[in-house]
>>> print(open('coords.cif').read())   # mmCIF, C-alpha atoms and all ligand atoms
data_coords
loop_
_atom_site.group_PDB
_atom_site.id
_atom_site.type_symbol
_atom_site.label_atom_id
_atom_site.label_comp_id
_atom_site.auth_asym_id
_atom_site.auth_seq_id
_atom_site.Cartn_x
_atom_site.Cartn_y
_atom_site.Cartn_z
ATOM 1 C CA MET A 21 111.262 118.198 90.805
ATOM 2 C CA GLU A 22 110.572 114.606 89.929
ATOM 3 C CA LYS A 23 106.954 113.542 89.926
ATOM 4 C CA GLY A 24 106.053 110.823 92.425
ATOM 5 C CA PRO A 25 104.393 107.539 91.511
ATOM 6 C CA GLN A 26 100.732 107.344 90.653
ATOM 7 C CA ILE A 27 98.969 105.520 93.474
ATOM 8 C CA TRP A 28 96.255 103.004 92.630
ATOM 9 C CA ALA A 29 94.271 101.721 95.602
ATOM 10 C CA VAL A 30 92.277 98.511 95.265
ATOM 11 C CA GLY A 31 89.545 98.233 97.867
ATOM 12 C CA GLY A 32 85.883 97.509 98.382
ATOM 13 C CA GLY A 33 83.753 96.080 101.122
ATOM 14 C CA LYS A 34 84.117 92.576 102.406
ATOM 15 C CA GLY A 35 86.899 90.032 102.053
ATOM 16 C CA GLY A 36 86.892 87.384 99.374
ATOM 17 C CA VAL A 37 85.834 89.512 96.396
ATOM 18 C CA GLY A 38 89.301 89.409 94.839
ATOM 19 C CA LYS A 39 91.046 92.603 95.954
ATOM 20 C CA SER A 40 94.394 90.877 96.439
ATOM 21 C CA THR A 41 94.065 88.849 93.252
ATOM 22 C CA VAL A 42 93.125 91.830 91.109
ATOM 23 C CA SER A 43 95.744 94.151 92.594
ATOM 24 C CA THR A 44 98.424 91.530 91.941
ATOM 25 C CA LEU A 45 97.329 91.050 88.337
ATOM 26 C CA LEU A 46 97.053 94.800 87.732
ATOM 27 C CA ALA A 47 100.553 95.331 89.113
ATOM 28 C CA PHE A 48 101.810 92.474 86.982
ATOM 29 C CA TRP A 49 100.415 94.067 83.812
ATOM 30 C CA LEU A 50 101.772 97.494 84.691
ATOM 31 C CA ALA A 51 105.210 95.933 85.094
ATOM 32 C CA ARG A 52 104.827 94.109 81.794
ATOM 33 C CA MET A 53 104.003 97.426 80.154
ATOM 34 C CA GLY A 54 107.427 98.566 81.254
ATOM 35 C CA ARG A 55 106.299 100.694 84.166
ATOM 36 C CA LYS A 56 108.249 100.524 87.385
ATOM 37 C CA THR A 57 105.692 99.229 89.833
ATOM 38 C CA VAL A 58 105.550 98.616 93.563
ATOM 39 C CA LEU A 59 102.771 96.361 94.821
ATOM 40 C CA MET A 60 102.083 97.092 98.473
ATOM 41 C CA ASP A 61 100.176 94.929 100.908
ATOM 42 C CA ALA A 62 98.061 97.419 102.836
ATOM 43 C CA ASP A 63 95.829 94.729 104.333
ATOM 44 C CA PHE A 64 97.191 95.248 107.811
ATOM 45 C CA GLY A 65 95.006 92.670 109.468
ATOM 46 C CA GLY A 66 95.468 89.801 107.012
ATOM 47 C CA ALA A 67 98.506 90.305 104.842
ATOM 48 C CA ASN A 68 98.824 87.591 102.213
ATOM 49 C CA LEU A 69 100.024 89.305 99.084
ATOM 50 C CA HIS A 70 103.468 87.711 99.222
ATOM 51 C CA THR A 71 101.836 84.285 98.900
ATOM 52 C CA LEU A 72 100.189 85.372 95.651
ATOM 53 C CA MET A 73 103.648 86.343 94.431
ATOM 54 C CA GLY A 74 105.092 82.963 95.429
ATOM 55 C CA ILE A 75 107.073 84.230 98.421
ATOM 56 C CA LYS A 76 106.722 82.046 101.530
ATOM 57 C CA SER A 77 108.252 84.149 104.260
ATOM 58 C CA PRO A 78 109.255 87.673 103.276
ATOM 59 C CA SER A 79 112.602 88.907 104.552
ATOM 60 C CA ARG A 80 111.273 92.419 105.197
ATOM 61 C CA THR A 81 107.785 93.670 105.880
ATOM 62 C CA LEU A 82 105.976 96.880 106.715
ATOM 63 C CA ASN A 83 106.341 95.918 110.329
ATOM 64 C CA ASP A 84 110.120 96.389 110.051
ATOM 65 C CA TYR A 85 109.451 99.859 108.731
ATOM 66 C CA VAL A 86 106.985 100.771 111.454
ATOM 67 C CA ALA A 87 109.383 99.368 114.061
ATOM 68 C CA LYS A 88 112.035 101.663 112.557
ATOM 69 C CA ARG A 89 114.369 98.832 111.577
ATOM 70 C CA PHE A 90 114.479 100.477 108.151
ATOM 71 C CA ASP A 91 114.339 104.162 107.378
ATOM 72 C CA SER A 92 112.441 104.243 104.138
ATOM 73 C CA LEU A 93 109.810 102.244 102.327
ATOM 74 C CA GLU A 94 112.374 101.877 99.559
ATOM 75 C CA ASP A 95 114.456 99.721 101.924
ATOM 76 C CA ILE A 96 111.694 97.189 102.509
ATOM 77 C CA CYS A 97 110.853 96.665 98.829
ATOM 78 C CA ILE A 98 111.541 93.109 97.728
ATOM 79 C CA ASN A 99 112.381 92.217 94.149
ATOM 80 C CA THR A 100 110.088 89.708 92.478
ATOM 81 C CA GLU A 101 110.657 87.328 89.596
ATOM 82 C CA VAL A 102 108.824 89.822 87.386
ATOM 83 C CA GLU A 103 110.931 92.584 85.856
ATOM 84 C CA ASN A 104 109.871 96.100 86.992
ATOM 85 C CA LEU A 105 107.772 94.696 89.826
ATOM 86 C CA ARG A 106 108.753 95.073 93.466
ATOM 87 C CA LEU A 107 106.735 94.124 96.501
ATOM 88 C CA ILE A 108 106.156 95.644 99.927
ATOM 89 C CA CYS A 109 104.911 92.864 102.146
ATOM 90 C CA GLY A 110 102.389 93.244 104.918
ATOM 91 C CA ALA A 111 103.112 92.346 108.446
ATOM 92 C CA GLY A 112 101.215 89.109 108.891
ATOM 93 C CA ASP A 113 99.480 88.952 112.223
ATOM 94 C CA VAL A 114 101.525 91.542 114.086
ATOM 95 C CA LEU A 115 98.990 93.266 116.312
ATOM 96 C CA SER A 116 100.459 96.740 116.116
ATOM 97 C CA MET A 117 100.070 96.613 112.355
ATOM 98 C CA ALA A 118 96.519 95.265 112.355
ATOM 99 C CA ASN A 119 95.566 98.606 113.804
ATOM 100 C CA PRO A 120 98.356 101.065 113.102
ATOM 101 C CA HIS A 121 98.536 104.249 115.048
ATOM 102 C CA VAL A 122 97.408 107.396 113.215
ATOM 103 C CA SER A 123 100.980 108.672 113.019
ATOM 104 C CA GLN A 124 102.185 105.369 111.542
ATOM 105 C CA LYS A 125 99.427 105.452 108.967
ATOM 106 C CA THR A 126 100.176 109.056 108.044
ATOM 107 C CA LYS A 127 103.864 108.247 107.736
ATOM 108 C CA ILE A 128 103.211 105.349 105.365
ATOM 109 C CA ILE A 129 100.777 107.427 103.285
ATOM 110 C CA GLN A 130 103.241 110.293 102.973
ATOM 111 C CA ASN A 131 106.182 108.090 102.184
ATOM 112 C CA MET A 132 104.580 105.879 99.585
ATOM 113 C CA THR A 133 104.525 108.912 97.289
ATOM 114 C CA LYS A 134 108.311 109.098 97.598
ATOM 115 C CA LEU A 135 108.915 105.588 96.279
ATOM 116 C CA SER A 136 110.997 105.455 93.165
ATOM 117 C CA ALA A 137 108.376 103.993 90.823
ATOM 118 C CA ASP A 138 105.834 104.938 88.173
ATOM 119 C CA HIS A 139 103.025 103.191 90.015
ATOM 120 C CA VAL A 140 102.232 102.000 93.493
ATOM 121 C CA VAL A 141 99.372 99.506 93.661
ATOM 122 C CA LEU A 142 97.819 99.186 97.123
ATOM 123 C CA ASP A 143 95.985 96.041 98.138
ATOM 124 C CA LEU A 144 93.617 97.263 100.841
ATOM 125 C CA GLY A 145 92.093 95.272 103.661
ATOM 126 C CA ALA A 146 88.438 94.402 104.043
ATOM 127 C CA GLY A 147 85.902 96.548 105.818
ATOM 128 C CA THR A 148 85.460 100.279 106.119
ATOM 129 C CA SER A 149 87.689 101.233 109.019
ATOM 130 C CA PHE A 150 89.404 104.613 108.867
ATOM 131 C CA ASN A 151 92.671 102.853 108.122
ATOM 132 C CA VAL A 152 91.265 101.335 104.977
ATOM 133 C CA LEU A 153 89.335 104.441 103.904
ATOM 134 C CA ASP A 154 92.248 106.819 104.427
ATOM 135 C CA PHE A 155 94.501 104.811 102.133
ATOM 136 C CA PHE A 156 91.695 104.622 99.594
ATOM 137 C CA LEU A 157 91.102 108.383 99.713
ATOM 138 C CA ALA A 158 94.826 109.147 99.477
ATOM 139 C CA ALA A 159 95.128 107.321 96.146
ATOM 140 C CA ASP A 160 95.069 108.876 92.687
ATOM 141 C CA ARG A 161 92.979 106.010 91.335
ATOM 142 C CA GLN A 162 90.333 104.576 93.620
ATOM 143 C CA ILE A 163 89.475 101.104 92.413
ATOM 144 C CA VAL A 164 86.567 99.204 93.967
ATOM 145 C CA ILE A 165 86.219 95.445 93.496
ATOM 146 C CA LEU A 166 82.917 93.682 93.861
ATOM 147 C CA ALA A 167 81.421 90.311 93.063
ATOM 148 C CA PRO A 168 78.147 90.173 91.121
ATOM 149 C CA GLN A 169 76.007 88.917 94.037
ATOM 150 C CA PRO A 170 73.518 91.448 95.471
ATOM 151 C CA ILE A 171 75.102 91.326 98.916
ATOM 152 C CA SER A 172 78.461 92.183 97.425
ATOM 153 C CA ILE A 173 76.975 95.066 95.456
ATOM 154 C CA GLN A 174 75.503 96.374 98.704
ATOM 155 C CA ASN A 175 78.858 96.038 100.447
ATOM 156 C CA ALA A 176 80.663 97.886 97.683
ATOM 157 C CA TYR A 177 78.091 100.664 97.777
ATOM 158 C CA ALA A 178 78.433 100.914 101.554
ATOM 159 C CA PHE A 179 82.198 101.140 101.113
ATOM 160 C CA VAL A 180 81.884 104.041 98.674
ATOM 161 C CA ARG A 181 79.322 105.752 100.876
ATOM 162 C CA ASN A 182 81.593 105.460 103.900
ATOM 163 C CA ALA A 183 84.470 106.879 101.870
ATOM 164 C CA VAL A 184 82.333 109.919 101.053
ATOM 165 C CA TYR A 185 81.431 110.424 104.723
ATOM 166 C CA ARG A 186 85.034 109.937 105.756
ATOM 167 C CA ARG A 187 86.143 112.664 103.370
ATOM 168 C CA LEU A 188 83.376 114.932 104.600
ATOM 169 C CA SER A 189 84.209 114.418 108.240
ATOM 170 C CA ARG A 190 87.875 115.155 107.620
ATOM 171 C CA LEU A 191 86.865 118.408 105.959
ATOM 172 C CA ALA A 192 84.581 119.173 108.867
ATOM 173 C CA SER A 193 87.177 118.744 111.581
ATOM 174 C CA GLN A 194 87.247 122.513 112.177
ATOM 175 C CA GLN A 195 83.532 123.096 111.668
ATOM 176 C CA PRO A 196 81.250 121.908 114.469
ATOM 177 C CA TYR A 197 78.015 122.592 112.600
ATOM 178 C CA LEU A 198 79.158 120.367 109.718
ATOM 179 C CA GLN A 199 80.260 117.685 112.122
ATOM 180 C CA ALA A 200 76.838 117.668 113.706
ATOM 181 C CA LEU A 201 75.119 117.384 110.325
ATOM 182 C CA ILE A 202 77.386 114.554 109.232
ATOM 183 C CA LYS A 203 76.758 112.726 112.456
ATOM 184 C CA ALA A 204 73.033 113.170 112.012
ATOM 185 C CA SER A 205 73.023 111.943 108.448
ATOM 186 C CA MET A 206 75.081 108.854 109.269
ATOM 187 C CA ASP A 207 72.533 107.896 111.892
ATOM 188 C CA THR A 208 69.840 106.124 109.888
ATOM 189 C CA GLU A 209 67.114 107.159 112.308
ATOM 190 C CA ASN A 210 67.923 110.848 112.354
ATOM 191 C CA GLU A 211 65.091 113.287 112.908
ATOM 192 C CA LEU A 212 66.297 115.582 110.173
ATOM 193 C CA ARG A 213 65.598 112.785 107.681
ATOM 194 C CA LEU A 214 68.970 113.159 106.054
ATOM 195 C CA LYS A 215 69.066 109.848 104.267
ATOM 196 C CA THR A 216 71.393 110.603 101.407
ATOM 197 C CA ILE A 217 74.264 112.918 100.522
ATOM 198 C CA ARG A 218 71.743 114.803 98.438
ATOM 199 C CA ASP A 219 69.649 115.459 101.588
ATOM 200 C CA PHE A 220 72.801 116.326 103.461
ATOM 201 C CA LEU A 221 73.862 118.935 100.898
ATOM 202 C CA GLN A 222 70.363 120.370 100.908
ATOM 203 C CA ALA A 223 70.595 120.779 104.668
ATOM 204 C CA VAL A 224 73.970 122.519 104.313
ATOM 205 C CA GLU A 225 72.393 124.865 101.789
ATOM 206 C CA ASP A 226 69.470 125.585 104.113
ATOM 207 C CA PHE A 227 71.725 126.289 107.074
ATOM 208 C CA ARG A 228 74.744 127.852 105.413
ATOM 209 C CA GLY A 229 73.769 128.955 101.948
ATOM 210 C CA ARG A 230 74.369 127.844 98.414
ATOM 211 C CA ASP A 231 78.111 128.521 98.281
ATOM 212 C CA ALA A 232 78.863 126.347 101.301
ATOM 213 C CA ALA A 233 76.864 123.523 99.739
ATOM 214 C CA SER A 234 78.484 123.717 96.325
ATOM 215 C CA GLU A 235 81.941 123.862 97.846
ATOM 216 C CA LEU A 236 81.272 120.618 99.666
ATOM 217 C CA ARG A 237 79.753 119.107 96.585
ATOM 218 C CA GLU A 238 82.942 119.771 94.649
ATOM 219 C CA GLU A 239 84.959 118.139 97.396
ATOM 220 C CA ILE A 240 82.770 115.055 97.344
ATOM 221 C CA GLN A 241 83.044 114.800 93.597
ATOM 222 C CA MET A 242 86.818 114.505 93.839
ATOM 223 C CA ILE A 243 86.035 110.947 94.914
ATOM 224 C CA ARG A 244 85.801 108.997 91.722
ATOM 225 C CA PRO A 245 85.579 105.264 92.345
ATOM 226 C CA GLU A 246 86.408 102.997 89.420
ATOM 227 C CA VAL A 247 84.464 99.793 89.737
ATOM 228 C CA ILE A 248 85.501 96.291 88.619
ATOM 229 C CA THR A 249 83.112 93.356 88.828
ATOM 230 C CA ASN A 250 85.079 90.189 89.553
ATOM 231 C CA MET A 251 84.216 86.481 89.232
ATOM 232 C CA VAL A 252 81.557 87.014 86.608
ATOM 233 C CA THR A 253 79.928 83.834 85.290
ATOM 234 C CA GLY A 254 77.247 85.143 82.920
ATOM 235 C CA PRO A 255 76.239 88.228 80.922
ATOM 236 C CA LYS A 256 73.804 89.492 83.587
ATOM 237 C CA ASP A 257 76.614 89.611 86.135
ATOM 238 C CA ARG A 258 78.305 92.315 84.116
ATOM 239 C CA ASN A 259 75.701 94.882 85.167
ATOM 240 C CA ALA A 260 76.824 95.020 88.786
ATOM 241 C CA GLY A 261 79.134 97.966 88.129
ATOM 242 C CA LYS A 262 76.288 99.848 86.471
ATOM 243 C CA VAL A 263 74.160 99.386 89.575
ATOM 244 C CA ILE A 264 76.823 101.028 91.751
ATOM 245 C CA GLN A 265 77.101 103.813 89.211
ATOM 246 C CA MET A 266 73.366 104.534 89.212
ATOM 247 C CA VAL A 267 72.871 104.342 92.952
ATOM 248 C CA ALA A 268 75.948 106.449 93.726
ATOM 249 C CA GLU A 269 74.877 109.121 91.243
ATOM 250 C CA LYS A 270 71.423 109.259 92.696
ATOM 251 C CA TYR A 271 72.199 109.191 96.412
ATOM 252 C CA LEU A 272 75.828 110.224 96.799
ATOM 253 C CA MET A 273 76.087 112.690 93.922
ATOM 254 C CA ILE A 274 79.360 111.214 92.747
ATOM 255 C CA HIS A 275 80.128 109.619 89.389
ATOM 256 C CA PRO A 276 81.799 106.220 89.582
ATOM 257 C CA VAL A 277 83.352 104.736 86.463
ATOM 258 C CA ASP A 278 82.472 101.190 85.410
ATOM 259 C CA LEU A 279 85.782 99.632 84.386
ATOM 260 C CA GLY A 280 84.260 96.342 83.302
ATOM 261 C CA SER A 281 84.475 92.802 84.559
ATOM 262 C CA ILE A 282 86.741 89.822 85.133
ATOM 263 C CA VAL A 283 85.433 86.308 84.577
ATOM 264 C CA TYR A 284 85.495 83.560 87.155
ATOM 265 C CA ASP A 285 88.585 81.573 86.217
ATOM 266 C CA ARG A 286 89.060 78.051 87.624
ATOM 267 C CA HIS A 287 92.728 77.950 86.800
ATOM 268 C CA LEU A 288 93.313 81.209 88.657
ATOM 269 C CA ASN A 289 91.423 79.950 91.677
ATOM 270 C CA GLY A 290 93.427 76.702 91.540
ATOM 271 C CA LEU A 291 96.733 78.557 91.680
ATOM 272 C CA ILE A 292 95.640 80.549 94.704
ATOM 273 C CA THR A 293 94.233 77.517 96.500
ATOM 274 C CA GLU A 294 97.542 75.732 96.004
ATOM 275 C CA MET A 295 99.386 78.870 97.133
ATOM 276 C CA LYS A 296 101.259 79.072 93.857
ATOM 277 C CA SER A 297 102.527 82.306 92.380
ATOM 278 C CA LEU A 298 100.029 84.107 90.186
ATOM 279 C CA THR A 299 102.857 84.777 87.780
ATOM 280 C CA GLY A 300 102.415 81.141 86.760
ATOM 281 C CA LEU A 301 98.976 81.946 85.373
ATOM 282 C CA ASN A 302 98.545 80.905 81.783
ATOM 283 C CA GLN A 303 98.643 84.119 79.824
ATOM 284 C CA SER A 304 95.844 83.015 77.582
ATOM 285 C CA SER A 305 93.569 82.731 80.616
ATOM 286 C CA ASP A 306 90.398 84.795 80.276
ATOM 287 C CA ALA A 307 90.733 86.504 83.648
ATOM 288 C CA PHE A 308 94.241 87.521 82.726
ATOM 289 C CA ALA A 309 93.043 89.014 79.452
ATOM 290 C CA ASN A 310 90.245 90.863 81.248
ATOM 291 C CA VAL A 311 92.702 92.444 83.670
ATOM 292 C CA TYR A 312 94.916 93.426 80.755
ATOM 293 C CA GLN A 313 91.999 95.291 79.144
ATOM 294 C CA ILE A 314 91.269 97.051 82.418
ATOM 295 C CA ALA A 315 94.931 97.962 82.996
ATOM 296 C CA MET A 316 95.155 99.361 79.465
ATOM 297 C CA ARG A 317 92.081 101.442 80.072
ATOM 298 C CA LEU A 318 93.415 102.732 83.379
ATOM 299 C CA VAL A 319 96.760 103.811 81.932
ATOM 300 C CA SER A 320 95.250 105.418 78.862
ATOM 301 C CA GLU A 321 92.630 107.507 80.692
ATOM 302 C CA ARG A 322 93.507 110.577 82.762
HETATM 303 N N1 LIG B 401 88.534 85.982 88.762
HETATM 304 C C1 LIG B 401 88.591 84.992 89.655
HETATM 305 N N2 LIG B 401 88.320 83.723 89.264
HETATM 306 C C2 LIG B 401 88.361 82.702 90.158
HETATM 307 N N3 LIG B 401 88.636 82.834 91.450
HETATM 308 C C3 LIG B 401 88.921 84.073 91.903
HETATM 309 C C4 LIG B 401 88.927 85.209 91.030
HETATM 310 N N4 LIG B 401 89.243 86.306 91.772
HETATM 311 C C5 LIG B 401 89.431 85.863 93.037
HETATM 312 N N5 LIG B 401 89.241 84.533 93.117
HETATM 313 C C6 LIG B 401 89.307 83.683 94.334
HETATM 314 O O1 LIG B 401 88.591 84.318 95.388
HETATM 315 C C7 LIG B 401 89.253 84.140 96.637
HETATM 316 C C8 LIG B 401 89.425 85.481 97.312
HETATM 317 O O2 LIG B 401 90.325 86.283 96.559
HETATM 318 P P1 LIG B 401 91.211 87.411 97.240
HETATM 319 O O3 LIG B 401 91.920 88.108 96.143
HETATM 320 O O4 LIG B 401 92.038 86.845 98.334
HETATM 321 O O5 LIG B 401 90.076 88.346 97.851
HETATM 322 P P2 LIG B 401 90.208 89.567 98.874
HETATM 323 O O6 LIG B 401 91.597 90.091 98.786
HETATM 324 O O7 LIG B 401 89.184 90.539 98.418
HETATM 325 O O8 LIG B 401 89.871 89.021 100.222
HETATM 326 C C9 LIG B 401 90.575 83.445 96.333
HETATM 327 O O9 LIG B 401 90.444 82.092 96.711
HETATM 328 C C10 LIG B 401 90.722 83.549 94.840
HETATM 329 O O10 LIG B 401 91.260 82.354 94.325
HETATM 330 MG MG MG B 402 93.042 90.375 100.298
#
>>> encode(input="coords.cif", output="structure tokens", more="lines below")
Ligand SMILES: Nc1ncnc2c1ncn2[C@@H]1O[C@H](COP(=O)(O)OP(=O)(O)O)[C@@H](O)[C@H]1O
Ligand SMILES: [Mg+2]
Amino acid sequence: MEKGPQIWAVGGGKGGVGKSTVSTLLAFWLARMGRKTVLMDADFGGANLHTLMGIKSPSRTLNDYVAKRFDSLEDICINTEVENLRLICGAGDVLSMANPHVSQKTKIIQNMTKLSADHVVLDLGAGTSFNVLDFFLAADRQIVILAPQPISIQNAYAFVRNAVYRRLSRLASQQPYLQALIKASMDTENELRLKTIRDFLQAVEDFRGRDAASELREEIQMIRPEVITNMVTGPKDRNAGKVIQMVAEKYLMIHPVDLGSIVYDRHLNGLITEMKSLTGLNQSSDAFANVYQIAMRLVSER
């Protein structure tokens, strides 16, 4: 049987950190490397990926798929001016898509693995709703974008933490005792003083024994965020990814990878402000080169 595409999700905390920009540039580089790539706008509340690709009003969007006007995701892919790169556009401000029903979400998640491509790059929406987290957790590569400011580091950490709890609570759906523990540890004022995943696993061990705890620990460690610091302006900024790494190892018991950074690039920002296609970006631009390095690293590892 043919192997499906490798799914890369690009997410992380608040809006404005560069998720759409970085996912577009990553998809662009994958395509340039000769890999058949589909870039999918999974920002259901504020789809704008087509603009970054220089498309004003897409002829087909995810909304057409959800409304059953097309049978497969393949049918709503749009060719772009870049060879090997196709686009699945989001649905603009269509309400039903801003908050898709669970069955719609599941259908999209299942069917994106059937796309005829080597890679699917998902541009996720902001925030930590289940819709965002479930797409993130379904991906083979879980990329987290953050900006170097402390508030953005906090947001990215909160995003990763919520992803861990989301995975746990899905595992716990059949186990009331686990559900209760998860609920307690997500409540910051809980009497059990479960402040971290480490505390949580200790509590599982106390209540259910060592095996139950280590089983859960293995599940949690399947989450392996790969962190990119975007819009870096100085050498100190480059440490933001390391901060996430350290804090997540200490409190969440997972091991994020620091993929490196992308500089703040005025030319890039200019293109986006003028709503011009990112494919017009000067290929000697620093940000472009940074994303190339990161894409190379992502394809060569694992
Ligand atoms: N490396 C960068 N250099 C300069 N500006 C950037 C860079 N990355 C993103 N931006 C700017 O930041 C803004 C938000 O980017 P966007 O990709 O839309 O973020 P998100 O998808 O996370 O909301 C855009 O105006 C974009 O031009
Ligand atoms: Mg975006």
>>> residues_near_ligand(input="coords.cif", ligand="ligand MG 402 (chain B)", cutoff="8 Å", atoms="all atoms listed in the file", output="CSV table (one decimal) with C-alpha atoms, in the frame of the given file")
chain,number,residue,atom,x,y,z
A,35,GLY,CA,86.9,90.0,102.1
A,36,GLY,CA,86.9,87.4,99.4
A,38,GLY,CA,89.3,89.4,94.8
A,39,LYS,CA,91.0,92.6,96.0
A,40,SER,CA,94.4,90.9,96.4
A,41,THR,CA,94.1,88.8,93.3
A,63,ASP,CA,95.8,94.7,104.3
A,66,GLY,CA,95.5,89.8,107.0
A,67,ALA,CA,98.5,90.3,104.8
A,68,ASN,CA,98.8,87.6,102.2
A,69,LEU,CA,100.0,89.3,99.1
A,143,ASP,CA,96.0,96.0,98.1
A,144,LEU,CA,93.6,97.3,100.8
A,145,GLY,CA,92.1,95.3,103.7
A,146,ALA,CA,88.4,94.4,104.0
>>> atom_distance(input="coords.cif", atom1="atom CA of A:Pro245", atom2="atom CA of A:Leu288")
25.5 Å
>>> resolve_selection(input="coords.cif", expression="the PyMOL selection byres (((chain A and resi 130) around 12) and not hetatm)", output="list in words")
Gly24, Pro25, Ile27, Ser92, Leu93, Ser123, Gln124, Lys125, Thr126, Lys127, Ile128, Ile129, Asn131, Met132, Thr133, Lys134, Leu135, Asp154, Phe155, Ala158 and Ala159 of chain A
>>> write_last_selection(input="coords.cif", atoms="C-alpha atoms", output="PDB file, in the frame of the given file")
ATOM      1  CA  GLY A  24     106.053 110.823  92.425  1.00  0.00           C
ATOM      2  CA  PRO A  25     104.393 107.539  91.511  1.00  0.00           C
ATOM      3  CA  ILE A  27      98.969 105.520  93.474  1.00  0.00           C
ATOM      4  CA  SER A  92     112.441 104.243 104.138  1.00  0.00           C
ATOM      5  CA  LEU A  93     109.810 102.244 102.327  1.00  0.00           C
ATOM      6  CA  SER A 123     100.980 108.672 113.019  1.00  0.00           C
ATOM      7  CA  GLN A 124     102.185 105.369 111.542  1.00  0.00           C
ATOM      8  CA  LYS A 125      99.427 105.452 108.967  1.00  0.00           C
ATOM      9  CA  THR A 126     100.176 109.056 108.044  1.00  0.00           C
ATOM     10  CA  LYS A 127     103.864 108.247 107.736  1.00  0.00           C
ATOM     11  CA  ILE A 128     103.211 105.349 105.365  1.00  0.00           C
ATOM     12  CA  ILE A 129     100.777 107.427 103.285  1.00  0.00           C
ATOM     13  CA  ASN A 131     106.182 108.090 102.184  1.00  0.00           C
ATOM     14  CA  MET A 132     104.580 105.879  99.585  1.00  0.00           C
ATOM     15  CA  THR A 133     104.525 108.912  97.289  1.00  0.00           C
ATOM     16  CA  LYS A 134     108.311 109.098  97.598  1.00  0.00           C
ATOM     17  CA  LEU A 135     108.915 105.588  96.279  1.00  0.00           C
ATOM     18  CA  ASP A 154      92.248 106.819 104.427  1.00  0.00           C
ATOM     19  CA  PHE A 155      94.501 104.811 102.133  1.00  0.00           C
ATOM     20  CA  ALA A 158      94.826 109.147  99.477  1.00  0.00           C
ATOM     21  CA  ALA A 159      95.128 107.321  96.146  1.00  0.00           C
TER      22      ALA A 159
END
>>> residues_near_ligand(input="coords.cif", ligand="ligand LIG 401 (chain B)", cutoff="10 Å", atoms="all atoms listed in the file", output="compact mmCIF listing (two decimals) with C-alpha atoms, in the coordinates of the input")
# COMPACT_ATOMS: atom_id res chain seq x y z
CA VAL A 30 92.28 98.51 95.26
CA GLY A 31 89.54 98.23 97.87
CA GLY A 32 85.88 97.51 98.38
CA GLY A 33 83.75 96.08 101.12
CA LYS A 34 84.12 92.58 102.41
CA GLY A 35 86.90 90.03 102.05
CA GLY A 36 86.89 87.38 99.37
CA VAL A 37 85.83 89.51 96.40
CA GLY A 38 89.30 89.41 94.84
CA LYS A 39 91.05 92.60 95.95
CA SER A 40 94.39 90.88 96.44
CA THR A 41 94.06 88.85 93.25
CA VAL A 42 93.12 91.83 91.11
CA SER A 43 95.74 94.15 92.59
CA THR A 44 98.42 91.53 91.94
CA LEU A 45 97.33 91.05 88.34
CA ASP A 63 95.83 94.73 104.33
CA GLY A 66 95.47 89.80 107.01
CA ALA A 67 98.51 90.30 104.84
CA ASN A 68 98.82 87.59 102.21
CA LEU A 69 100.02 89.30 99.08
CA LEU A 72 100.19 85.37 95.65
CA ASP A 143 95.98 96.04 98.14
CA LEU A 144 93.62 97.26 100.84
CA GLY A 145 92.09 95.27 103.66
CA ALA A 146 88.44 94.40 104.04
CA ILE A 165 86.22 95.44 93.50
CA LEU A 166 82.92 93.68 93.86
CA ALA A 167 81.42 90.31 93.06
CA THR A 249 83.11 93.36 88.83
CA ASN A 250 85.08 90.19 89.55
CA MET A 251 84.22 86.48 89.23
CA VAL A 252 81.56 87.01 86.61
CA THR A 253 79.93 83.83 85.29
CA SER A 281 84.48 92.80 84.56
CA ILE A 282 86.74 89.82 85.13
CA VAL A 283 85.43 86.31 84.58
CA TYR A 284 85.50 83.56 87.16
CA ASP A 285 88.58 81.57 86.22
CA ARG A 286 89.06 78.05 87.62
CA HIS A 287 92.73 77.95 86.80
CA LEU A 288 93.31 81.21 88.66
CA ASN A 289 91.42 79.95 91.68
CA GLY A 290 93.43 76.70 91.54
CA LEU A 291 96.73 78.56 91.68
CA ILE A 292 95.64 80.55 94.70
CA THR A 293 94.23 77.52 96.50
CA GLU A 294 97.54 75.73 96.00
CA MET A 295 99.39 78.87 97.13
CA LEU A 298 100.03 84.11 90.19
CA ASP A 306 90.40 84.80 80.28
CA ALA A 307 90.73 86.50 83.65
CA PHE A 308 94.24 87.52 82.73
CA ASN A 310 90.24 90.86 81.25
CA VAL A 311 92.70 92.44 83.67
>>> resolve_selection(input="coords.cif", expression="the PyMOL selection byres (((chain A and resi 52-58) around 8) and not hetatm)", output="list in words")
Ala47, Phe48, Trp49, Leu50, Ala51, Leu59, Met60, Cys97, Glu103, Asn104, Leu105, Arg106, Leu107, Ile108, Ala137, Asp138, His139, Val140 and Val141 of chain A
>>> closest_residue(input="coords.cif", among="A:Ala268, A:Val122, A:Leu212, A:Val86", to="A:Phe179", atoms="all atoms listed in the file")
A:Ala268
>>> resolve_selection(input="coords.cif", expression="the PyMOL selection byres (((chain A and resi 109) around 6) and not hetatm)", output="JSON, numbers by chain")
{"A": [61, 81, 108, 110]}
>>> atom_distance(input="coords.cif", atom1="atom CA of A:Thr100", atom2="atom CA of A:Asn302")
18.0 Å
>>> atom_distance(input="coords.cif", atom1="atom CA of A:Arg244", atom2="atom CA of A:Glu94")
28.6 Å
>>> closest_residue(input="coords.cif", among="A:Gln162, A:Thr148, A:Gln194, A:Ser136", to="A:Asp278", atoms="all atoms listed in the file")
A:Gln162
>>> closest_residue(input="coords.cif", among="A:Gln265, A:Asn182, A:Leu142, A:Ser320", to="A:Ala62", atoms="only C-alpha atoms")
A:Leu142
>>> axis_aligned_box(input="coords.cif", around="stretch 267-276 of chain A", padding_each_side="4 Å", output="lines of an AutoDock Vina configuration file")
center_x = 76.6
center_y = 108.5
center_z = 93.1
size_x = 18.4
size_y = 16.3
size_z = 15.4
